[in-house]
Structures are given as structure tokens and as C-alpha cells.
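What follows is work_10.tsv (TSV, C-alpha atoms).
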```tsv
chain	number	residue	atom	x	y	z
A	1	MET	CA	-17.04	8.90	20.12
A	2	ALA	CA	-16.40	7.84	16.53
A	3	THR	CA	-15.88	4.20	15.60
A	4	LEU	CA	-12.88	3.08	13.60
A	5	ALA	CA	-14.80	0.71	11.36
A	6	ALA	CA	-11.96	-0.75	9.28
A	7	VAL	CA	-8.37	-0.21	8.22
A	8	LEU	CA	-7.32	-1.15	4.69
A	9	ALA	CA	-3.73	-1.30	3.44
A	10	THR	CA	-3.28	-1.86	-0.26
A	11	THR	CA	-0.99	-1.35	-3.19
A	12	HIS	CA	-2.15	1.12	-5.86
A	13	HIS	CA	-1.43	-0.22	-9.31
A	14	PRO	CA	-2.47	2.57	-11.73
A	15	PHE	CA	-3.27	0.19	-14.60
A	16	TYR	CA	-5.99	-1.76	-12.75
A	17	LEU	CA	-8.93	0.07	-14.32
A	18	LYS	CA	-7.50	0.03	-17.85
A	19	ALA	CA	-6.44	-3.62	-17.58
A	20	THR	CA	-9.81	-4.89	-16.38
A	21	THR	CA	-12.08	-2.83	-18.65
A	22	ALA	CA	-10.24	-3.34	-21.95
A	23	PRO	CA	-11.88	-5.54	-24.60
A	24	PRO	CA	-11.34	-9.22	-23.71
A	25	GLU	CA	-8.92	-9.78	-26.58
A	26	GLN	CA	-6.71	-6.95	-25.30
A	27	GLN	CA	-6.66	-7.94	-21.64
A	28	MET	CA	-3.59	-9.27	-19.86
A	29	PRO	CA	-3.82	-12.93	-18.77
A	30	GLN	CA	-4.29	-12.02	-15.09
A	31	ALA	CA	-7.03	-9.43	-15.71
A	32	MET	CA	-10.05	-11.45	-14.59
A	33	GLU	CA	-8.26	-12.89	-11.56
A	34	TRP	CA	-7.17	-9.37	-10.66
A	35	LYS	CA	-10.74	-8.11	-10.96
A	36	ARG	CA	-12.09	-10.96	-8.80
A	37	LYS	CA	-9.54	-10.28	-6.08
A	38	VAL	CA	-10.21	-6.54	-6.07
A	39	GLU	CA	-13.97	-7.03	-5.92
A	40	ALA	CA	-13.60	-9.46	-3.01
A	41	TYR	CA	-11.34	-6.96	-1.25
A	42	ARG	CA	-13.84	-4.18	-1.86
A	43	GLU	CA	-16.39	-6.08	0.20
A	44	THR	CA	-14.19	-5.72	3.27
A	45	LEU	CA	-14.79	-1.96	3.17
A	46	THR	CA	-18.45	-2.22	2.18
A	47	ARG	CA	-19.05	-4.54	5.13
A	48	ALA	CA	-17.68	-1.90	7.51
A	49	LYS	CA	-20.41	0.60	6.52
A	50	PRO	CA	-18.17	3.68	6.74
A	51	ASP	CA	-19.39	7.27	6.81
A	52	ILE	CA	-15.98	8.94	6.29
A	53	LEU	CA	-12.72	7.79	4.72
A	54	VAL	CA	-9.30	8.82	5.98
A	55	MET	CA	-7.14	8.30	2.89
A	56	VAL	CA	-3.36	7.92	3.12
A	57	GLY	CA	-1.18	8.25	0.03
A	58	ALA	CA	1.83	10.05	-1.42
A	59	ASP	CA	2.19	12.64	-4.14
A	60	HIS	CA	4.12	11.31	-7.14
A	61	PHE	CA	5.80	14.68	-7.83
A	62	HIS	CA	2.58	15.99	-9.36
A	63	GLN	CA	2.35	19.09	-7.20
A	64	PHE	CA	5.23	18.79	-4.73
A	65	PHE	CA	8.84	18.85	-5.88
A	66	LEU	CA	12.34	18.87	-4.43
A	67	ASP	CA	12.03	22.60	-3.77
A	68	ASN	CA	9.07	22.09	-1.44
A	69	TYR	CA	8.07	18.55	-0.51
A	70	PRO	CA	6.28	18.28	2.87
A	71	THR	CA	7.14	15.34	5.09
A	72	PHE	CA	3.51	14.97	6.18
A	73	LEU	CA	0.51	16.93	4.93
A	74	ILE	CA	-3.23	16.90	5.57
A	75	GLY	CA	-5.91	18.21	3.24
A	76	LYS	CA	-8.44	20.64	4.75
A	77	ALA	CA	-10.56	21.48	1.73
A	78	PRO	CA	-14.33	21.18	1.18
A	79	ARG	CA	-13.65	19.28	-2.07
A	80	TYR	CA	-10.73	17.72	-3.89
A	81	ASP	CA	-10.16	17.57	-7.61
A	82	ALA	CA	-8.31	14.44	-8.61
A	83	THR	CA	-6.35	12.89	-11.46
A	84	PHE	CA	-3.57	14.65	-13.33
A	85	TYR	CA	-3.23	14.80	-17.08
A	86	ASN	CA	-0.49	12.19	-17.33
A	87	GLU	CA	-2.62	9.80	-15.26
A	88	GLU	CA	-5.48	10.24	-17.71
A	89	ARG	CA	-3.16	9.80	-20.68
A	90	GLU	CA	-1.03	6.89	-19.47
A	91	PHE	CA	-3.34	4.98	-17.12
A	92	GLY	CA	-6.80	5.84	-18.41
A	93	LEU	CA	-7.88	7.18	-15.03
A	94	PRO	CA	-11.00	9.35	-15.01
A	95	LYS	CA	-11.23	12.70	-13.29
A	96	TYR	CA	-12.89	12.79	-9.87
A	97	VAL	CA	-14.18	15.35	-7.44
A	98	LEU	CA	-14.23	14.02	-3.87
A	99	GLN	CA	-16.08	15.70	-1.04
A	100	GLY	CA	-13.89	16.73	1.88
A	101	HIS	CA	-14.73	16.52	5.58
A	102	GLU	CA	-13.41	19.80	6.94
A	103	GLU	CA	-14.50	19.16	10.51
A	104	LEU	CA	-12.56	15.90	10.84
A	105	SER	CA	-9.60	17.37	8.93
A	106	ASN	CA	-9.37	20.24	11.41
A	107	PHE	CA	-9.80	17.93	14.40
A	108	MET	CA	-7.17	15.57	12.98
A	109	HIS	CA	-4.72	18.38	12.26
A	110	GLN	CA	-4.94	19.78	15.78
A	111	GLY	CA	-4.68	16.31	17.28
A	112	LEU	CA	-1.55	15.57	15.26
A	113	LEU	CA	0.06	18.84	16.33
A	114	ASP	CA	-0.77	18.05	19.94
A	115	ARG	CA	0.95	14.67	19.55
A	116	GLY	CA	4.16	16.08	18.14
A	117	PHE	CA	3.51	15.73	14.40
A	118	ASP	CA	4.03	19.13	12.77
A	119	PHE	CA	1.91	18.61	9.69
A	120	ALA	CA	1.76	20.89	6.70
A	121	PHE	CA	-1.76	21.51	5.42
A	122	SER	CA	-3.46	22.49	2.19
A	123	HIS	CA	-6.81	24.00	1.28
A	124	GLU	CA	-6.08	23.46	-2.43
A	125	LEU	CA	-4.78	19.88	-2.52
A	126	LYS	CA	-5.26	17.90	-5.71
A	127	LEU	CA	-5.20	14.12	-5.40
A	128	ASP	CA	-3.26	11.71	-7.56
A	129	HIS	CA	-3.48	7.97	-8.14
A	130	SER	CA	-2.14	7.01	-4.70
A	131	ILE	CA	-5.61	7.94	-3.43
A	132	ILE	CA	-7.72	7.62	-6.59
A	133	CYS	CA	-6.66	4.03	-7.30
A	134	PRO	CA	-7.85	2.87	-3.85
A	135	ILE	CA	-11.09	4.79	-4.44
A	136	ILE	CA	-11.52	2.93	-7.74
A	137	THR	CA	-10.83	-0.45	-6.15
A	138	THR	CA	-12.54	-0.08	-2.76
A	139	ARG	CA	-15.23	2.63	-3.19
A	140	PRO	CA	-15.79	3.21	-6.91
A	141	GLN	CA	-18.98	5.19	-6.33
A	142	ALA	CA	-16.76	7.81	-4.61
A	143	ASP	CA	-19.69	8.87	-2.46
A	144	LEU	CA	-18.05	9.38	0.94
A	145	PRO	CA	-16.26	12.46	2.30
A	146	VAL	CA	-12.52	12.06	2.66
A	147	VAL	CA	-9.68	13.35	4.81
A	148	PRO	CA	-6.53	12.97	2.67
A	149	ILE	CA	-3.12	12.54	4.29
A	150	TYR	CA	0.06	12.66	2.22
A	151	THR	CA	3.42	11.29	3.34
A	152	ASN	CA	6.87	11.69	1.86
A	153	ILE	CA	8.12	8.34	0.55
A	154	PHE	CA	9.99	9.76	-2.45
A	155	ALA	CA	12.19	12.78	-1.65
A	156	PRO	CA	15.09	12.14	0.78
A	157	PRO	CA	15.62	12.63	3.61
A	158	LEU	CA	12.69	10.41	4.57
A	159	PRO	CA	11.15	9.74	7.97
A	160	SER	CA	11.97	6.39	9.56
A	161	PRO	CA	9.70	3.33	9.55
A	162	LYS	CA	9.22	3.90	13.29
A	163	ARG	CA	7.94	7.41	12.59
A	164	PHE	CA	5.35	6.01	10.17
A	165	TRP	CA	4.23	3.48	12.80
A	166	ASP	CA	3.99	6.21	15.45
A	167	LEU	CA	1.99	8.40	13.08
A	168	GLY	CA	-0.45	5.55	12.56
A	169	ARG	CA	-0.88	5.15	16.31
A	170	ALA	CA	-1.50	8.90	16.66
A	171	ILE	CA	-4.13	8.85	13.90
A	172	ARG	CA	-5.85	5.97	15.69
A	173	GLU	CA	-5.97	7.93	18.95
A	174	ILE	CA	-7.46	10.93	17.17
A	175	ILE	CA	-10.13	8.88	15.40
A	176	ASP	CA	-11.06	7.22	18.69
A	177	ALA	CA	-11.36	10.65	20.33
A	178	TYR	CA	-13.38	12.32	17.55
A	179	PRO	CA	-16.68	13.45	19.13
A	180	SER	CA	-19.08	11.89	16.66
A	181	ASP	CA	-21.22	8.80	16.22
A	182	GLN	CA	-19.90	8.32	12.68
A	183	ARG	CA	-18.02	5.29	11.40
A	184	ILE	CA	-14.59	6.10	10.02
A	185	ALA	CA	-12.55	3.81	7.79
A	186	ALA	CA	-8.87	4.37	7.04
A	187	VAL	CA	-7.69	3.37	3.56
A	188	GLY	CA	-4.03	3.73	2.69
A	189	SER	CA	-1.87	2.68	-0.21
A	190	GLY	CA	1.82	2.04	-0.67
A	191	HIS	CA	4.18	-0.47	-2.25
A	192	LEU	CA	5.90	-3.74	-1.66
A	193	SER	CA	9.18	-4.18	-3.56
A	194	LEU	CA	8.98	-1.84	-6.53
A	195	GLU	CA	11.35	-0.52	-9.19
A	196	LEU	CA	10.43	2.62	-11.15
A	197	GLY	CA	12.59	3.38	-14.14
A	198	GLY	CA	15.39	1.12	-12.98
A	199	PRO	CA	16.78	-2.11	-14.46
A	200	ARG	CA	14.39	-4.33	-12.48
A	201	GLN	CA	11.18	-2.52	-13.47
A	202	PHE	CA	9.81	-4.99	-16.02
A	203	GLY	CA	10.91	-8.32	-14.66
A	204	GLU	CA	8.74	-11.42	-14.36
A	205	HIS	CA	7.86	-10.50	-10.78
A	206	GLY	CA	8.54	-7.77	-8.26
A	207	PRO	CA	12.22	-6.95	-7.84
A	208	ASP	CA	12.47	-8.82	-4.52
A	209	PRO	CA	9.94	-11.68	-4.12
A	210	GLU	CA	11.41	-12.73	-0.78
A	211	PHE	CA	10.89	-9.26	0.66
A	212	ASP	CA	7.33	-9.26	-0.69
A	213	ARG	CA	6.57	-12.59	0.96
A	214	GLN	CA	8.05	-11.51	4.27
A	215	ALA	CA	6.44	-8.06	4.20
A	216	ILE	CA	2.97	-9.51	3.68
A	217	ALA	CA	3.56	-11.98	6.52
A	218	TRP	CA	4.66	-9.18	8.87
A	219	LEU	CA	1.62	-7.07	8.06
A	220	ALA	CA	-0.79	-10.02	8.25
A	221	SER	CA	0.46	-11.02	11.70
A	222	GLY	CA	0.79	-7.46	13.02
A	223	ASP	CA	4.45	-8.08	13.82
A	224	ILE	CA	5.72	-4.54	14.22
A	225	GLU	CA	8.75	-5.73	16.19
A	226	ALA	CA	9.99	-7.76	13.22
A	227	ILE	CA	9.33	-4.89	10.83
A	228	LEU	CA	11.26	-2.36	12.90
A	229	GLU	CA	14.08	-4.84	13.43
A	230	ASN	CA	14.46	-5.61	9.72
A	231	VAL	CA	13.24	-2.56	7.79
A	232	THR	CA	15.17	0.70	7.67
A	233	ARG	CA	15.22	3.77	5.44
A	234	ASP	CA	18.54	2.59	4.03
A	235	ASN	CA	17.80	-1.04	3.30
A	236	LEU	CA	14.38	-0.48	1.72
A	237	GLY	CA	16.09	0.77	-1.43
A	238	THR	CA	17.94	-2.53	-1.83
A	239	HIS	CA	14.58	-4.23	-2.52
A	240	GLY	CA	13.70	-1.81	-5.34
A	241	ASN	CA	14.16	1.91	-5.80
A	242	ALA	CA	10.52	2.74	-4.85
A	243	THR	CA	10.10	0.22	-2.02
A	244	HIS	CA	10.02	3.04	0.54
A	245	GLY	CA	6.29	3.09	-0.16
A	246	PHE	CA	6.13	0.11	2.21
A	247	MET	CA	6.28	2.65	5.02
A	248	ASP	CA	2.75	3.79	4.19
A	249	LEU	CA	1.60	0.21	4.77
A	250	ILE	CA	3.39	0.29	8.13
A	251	LEU	CA	1.44	3.48	8.88
A	252	MET	CA	-1.83	1.70	8.14
A	253	MET	CA	-0.90	-1.17	10.43
A	254	GLY	CA	-0.18	1.47	13.05
A	255	ILE	CA	-3.75	2.74	12.76
A	256	ALA	CA	-5.05	-0.81	13.17
A	257	GLY	CA	-2.69	-1.65	16.02
A	258	PRO	CA	-0.49	-4.73	16.50
A	259	GLN	CA	-3.15	-7.30	15.66
A	260	LYS	CA	-3.62	-9.94	12.99
A	261	ALA	CA	-5.29	-8.82	9.80
A	262	SER	CA	-8.82	-10.02	9.22
A	263	TYR	CA	-8.33	-10.30	5.46
A	264	VAL	CA	-5.14	-10.92	3.48
A	265	ASP	CA	-4.72	-11.48	-0.25
A	266	ASN	CA	-2.11	-10.83	-2.91
A	267	LEU	CA	-1.53	-11.18	-6.64
A	268	ASP	CA	1.73	-11.51	-8.56
A	269	LEU	CA	1.56	-9.24	-11.61
A	270	PHE	CA	4.92	-10.05	-13.28
A	271	HIS	CA	6.65	-6.78	-12.28
A	272	THR	CA	4.95	-6.09	-8.95
A	273	MET	CA	3.26	-7.92	-6.11
A	274	GLU	CA	-0.17	-6.52	-5.28
A	275	ALA	CA	-1.32	-6.85	-1.66
A	276	TYR	CA	-4.69	-6.37	0.02
A	277	LEU	CA	-5.09	-6.33	3.81
A	278	THR	CA	-7.96	-5.34	6.09
A	279	TRP	CA	-8.14	-5.06	9.86
A	280	TYR	CA	-11.38	-4.75	11.81
A	281	PRO	CA	-10.58	-3.14	15.17
A	282	GLU	CA	-12.27	-4.50	18.26
A	283	GLY	CA	-15.76	-3.03	18.64
A	284	ALA	CA	-16.04	-2.07	14.99
A	285	ALA	CA	-18.90	-4.41	14.07
A	286	ALA	CA	-21.75	-2.57	12.37
```
As C-alpha cells, the full file:
Amino acid sequence: MATLAAVLATTHHPFYLKATTAPPEQQMPQAMEWKRKVEAYRETLTRAKPDILVMVGADHFHQFFLDNYPTFLIGKAPRYDATFYNEEREFGLPKYVLQGHEELSNFMHQGLLDRGFDFAFSHELKLDHSIICPIITTRPQADLPVVPIYTNIFAPPLPSPKRFWDLGRAIREIIDAYPSDQRIAAVGSGHLSLELGGPRQFGEHGPDPEFDRQAIAWLASGDIEAILENVTRDNLGTHGNATHGFMDLILMMGIAGPQKASYVDNLDLFHTMEAYLTWYPEGAAA
């Protein structure tokens, strides 16, 4: 059977690459600290020696809209083009072509259906910065095949936090059952408190520092009971209008299971809190 080598849950700030590669005189004050933290975090994936990446993200209305926005979707393509024009223009993100892993995508899709998750699927999925930013920060050589999974964190009605947790547990079961000797890492990105286009977008810190502190503590300790007791679809919006992306971090903790994270770090970037967590499941040592 396959080995779940590592689970990474991270934020996906689209300006990381631009901020840390600009000429020194143009860099923000936190740029070098940000780069050091990301490079240290990257080692947690490198150390796991993965063969395949299961990538969890969400489409930022680049190819799905209110007329047709799937709740959950899996990519089943042999390759994935990535980066949309506005991401090149605004964030300085390069274009990518990522290799797909059709065999695991098909196995995952069937396993999800068998476990009560009626996933949409795409053979023509294009990836945006929710997946490309974690590639840049954790696997910049982009040399591993991927199985992309998209969740709906933007277009109401949204699934519940419990549904994201349960989906993570189902993905874990499927990875554990995959008939292969390959090492699979799951890398997913979401948000802590976040405001997009609202009055709290450009504050000195994330819109709700107390939520950020508590959310990181819940994830670090694997305390799913506290998360499900305190986090709902309705109250996430009170912490910032895009804070529903926290549910993708819950999903990643679901893949890892209710255990303490092996690696936890964060960085306050004046209008958002960046977070970096890694779990090494039991038996995952290379």
C-alpha cells in the first residue's frame, strides 16, 4: 500500500515570489524573514521524499462562476496548465505545466464516490494560485505529478466545517488503500482571517488576530473538537469576508488525523497572518 509521507497545510499569499525576488531596495521589510520561513517550511516536504502530491485548493472564480461552481472537484488530466493572466500581471507568477497522475486521480475519484462524496471531475482543469503558490513555496522545481482537488470556499451555499473534516478523513483512507509502494504527500492551502475588497483588507494585521492565534493553536494541537464547536459556516465571515478558506486547512488536518503537528510556524504580514503546518503520519519515515 502507499505511504502518506506528509501533510502540509499552508496559506497561499500570491505576492510571495514577487516580494522576495524584487531588488533589495524595493523589498518589503519582512521579505527576508518571509523567505527564511518559507525555505525552512519547504524542508518539511523535501524530508518526506514524496513521489506524488495531492494538492488541495480553491478556484478564485477563474474558471468556475456562480452559474456553475462545483462543491468538490478532482482533476483527472495527464497535465495541468497553470497561472491565469491576472495572476501573471498582478502577482508576477510564472506559467507552469504540472504533470498529472491519472491512475491515482481515478482511484481517488472512485474511492470518494464510494464514501459518499459525489465529486465533480475535470479532464481540462487549469490551476490557479491556490495550488501554484504552494508549489512555489514547497516544491519550486515542480517535478512531481499531482492530483488536484478543488473545494468551494467562495460561492454560497458552502459545505460545513464538519464536511471538510470528513472529506479529509476519506482522502486519508483512500491514500492508505492505494495499491502502490509510492510515497504520497498532501499539500493544501487556505486562509486564516482574511478580508478581500472589504474595509479591513489593508490593516496592520489580519482582520481578526485573536481568531488567527486560536486557529493556529487548534491546528497545531489537532483539536478537531474545539474547531467544530467554535467554527461554523456562519461565524467564519465575522472574522473576515474570505475566512471560509480556513475550512481547507481543516480538510488538511483531516487527512493527517487528530494529532499534533510536527512543524508549526507563522508570520504576520500586516494585512494577513501566514501559517505553515506539517504533520508526519505514523509510519511515514523515509
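Of the listed residues A:Ala6, A:Thr21, A:Asn230, A:Gly283, the one whose atoms come nearest to Pro161 in chain A is A:Asn230, with distances taken using only C-alpha atoms.
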Neighbour list for range 7-13 of chain A as a PyMOL selection string, cut-off 8 Å, all atoms listed in the file, skip fewer than 2 positions in-chain: chain A and resi 4-5+15-16+45+129-130+133-134+185-192+249+252-253+255-256+274-281
Residues within 12 Å of Gly116 in chain A, only C-alpha atoms, excluding chain neighbours under 6 positions, as a PyMOL selection string: chain A and resi 109-110+163+166-167+170-171
Hey, can you spit out that residue selection with C-alpha atoms as a PDB file, keeping the file's coordinate frame?
```
ATOM      1  CA  HIS A 109      -4.720  18.380  12.260  1.00  0.00           C
ATOM      2  CA  GLN A 110      -4.940  19.780  15.780  1.00  0.00           C
ATOM      3  CA  ARG A 163       7.940   7.410  12.590  1.00  0.00           C
ATOM      4  CA  ASP A 166       3.990   6.210  15.450  1.00  0.00           C
ATOM      5  CA  LEU A 167       1.990   8.400  13.080  1.00  0.00           C
ATOM      6  CA  ALA A 170      -1.500   8.900  16.660  1.00  0.00           C
ATOM      7  CA  ILE A 171      -4.130   8.850  13.900  1.00  0.00           C
TER       8      ILE A 171
END
```
Range 84-162 of chain A residues near range 244-247 of chain A within 10 Å, closest pair each, using all atoms listed in the file, as JSON lines:
```
{"residue": "A:Thr151", "atom": "CA", "partner": "A:Met247", "partner_atom": "CA", "distance": 9.3}
{"residue": "A:Asn152", "atom": "CA", "partner": "A:Gly245", "partner_atom": "CA", "distance": 8.9}
{"residue": "A:Ile153", "atom": "CA", "partner": "A:Gly245", "partner_atom": "CA", "distance": 5.6}
{"residue": "A:Phe154", "atom": "CA", "partner": "A:His244", "partner_atom": "CA", "distance": 7.4}
{"residue": "A:Leu158", "atom": "CA", "partner": "A:His244", "partner_atom": "CA", "distance": 8.8}
{"residue": "A:Pro159", "atom": "CA", "partner": "A:Met247", "partner_atom": "CA", "distance": 9.1}
{"residue": "A:Ser160", "atom": "CA", "partner": "A:Met247", "partner_atom": "CA", "distance": 8.2}
{"residue": "A:Pro161", "atom": "CA", "partner": "A:Met247", "partner_atom": "CA", "distance": 5.7}
{"residue": "A:Lys162", "atom": "CA", "partner": "A:Met247", "partner_atom": "CA", "distance": 8.9}
```
Selected residue of minimal separation from Pro78 in chain A among A:Pro209, A:Gly222, A:Pro29, A:Pro145, counting only C-alpha atoms: A:Pro145
CA of Pro23 in chain A to CA of Phe91 in chain A, distance in Å rounded to a single decimal: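 Computing the Euclidean distance for CA of Pro23 in chain A and CA of Phe91 in chain A yields 15.5 Å.
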Coordinates-based distance that separates CA of Asn241 in chain A from CA of Glu88 in chain A (Å, one decimal): 24.4 Å
Nearest to Pro207 in chain A by atom-to-atom distance, counting only C-alpha atoms, from A:Gln26, A:Ser221, A:Thr138, A:Thr243: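 Ranking A:Gln26, A:Ser221, A:Thr138, A:Thr243 by distance to Pro207 in chain A, first place goes to A:Thr243.
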Test item: residues at most 8 Å from Leu144 in chain A, all atoms listed in the file, excluding those fewer than 5 positions along its chain, as a PyMOL selection string: chain A and resi 51-53+98-99
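Taking all atoms listed in the file into account, Phe164 in chain A lies nearest to A:Asp248 out of the set A:Asp248, A:Glu282, A:Glu39, A:Asp212.
Between CA of Thr71 in chain A and CA of Pro157 in chain A lies a distance of 9.0 Å.
Counting only C-alpha atoms and comparing A:Asp176, A:Tyr150, A:Ser262, A:Phe117, the residue that lies closest to Tyr69 in chain A is A:Tyr150.
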Pick from A:Lys95, A:Leu251, A:Gln27, A:Met108 nearest to Pro179 in chain A, counting all atoms listed in the file: A:Met108
Ref. answer, residues at most 6 Å from (-2.7, 17.1, 7.0) with only C-alpha atoms, as an MDAnalysis selection string: chainID A and resid 73:75 109 119:121 149
Around range 18-23 of chain A, with edges along x, y and z and 6 Å added on all six sides, what centre and edge lengths do you get, in Å to one decimal, as JSON?
```
{"center_x": -9.3, "center_y": -2.8, "center_z": -20.5, "size_x": 17.6, "size_y": 17.6, "size_z": 20.2}
```
Excluding range 64-67 of chain A and any residue of its chain fewer than 4 positions from it, enumerate the residues within 10 Å of it, using only C-alpha atoms, and give them as a compact mmCIF listing (two decimals) with C-alpha atoms, keeping the file's coordinate frame.
```txt
# COMPACT_ATOMS: atom_id res chain seq x y z
CA ALA A 58 1.83 10.05 -1.42
CA ASP A 59 2.19 12.64 -4.14
CA HIS A 60 4.12 11.31 -7.14
CA ASN A 152 6.87 11.69 1.86
CA PHE A 154 9.99 9.76 -2.45
CA ALA A 155 12.19 12.78 -1.65
CA PRO A 156 15.09 12.14 0.78
```
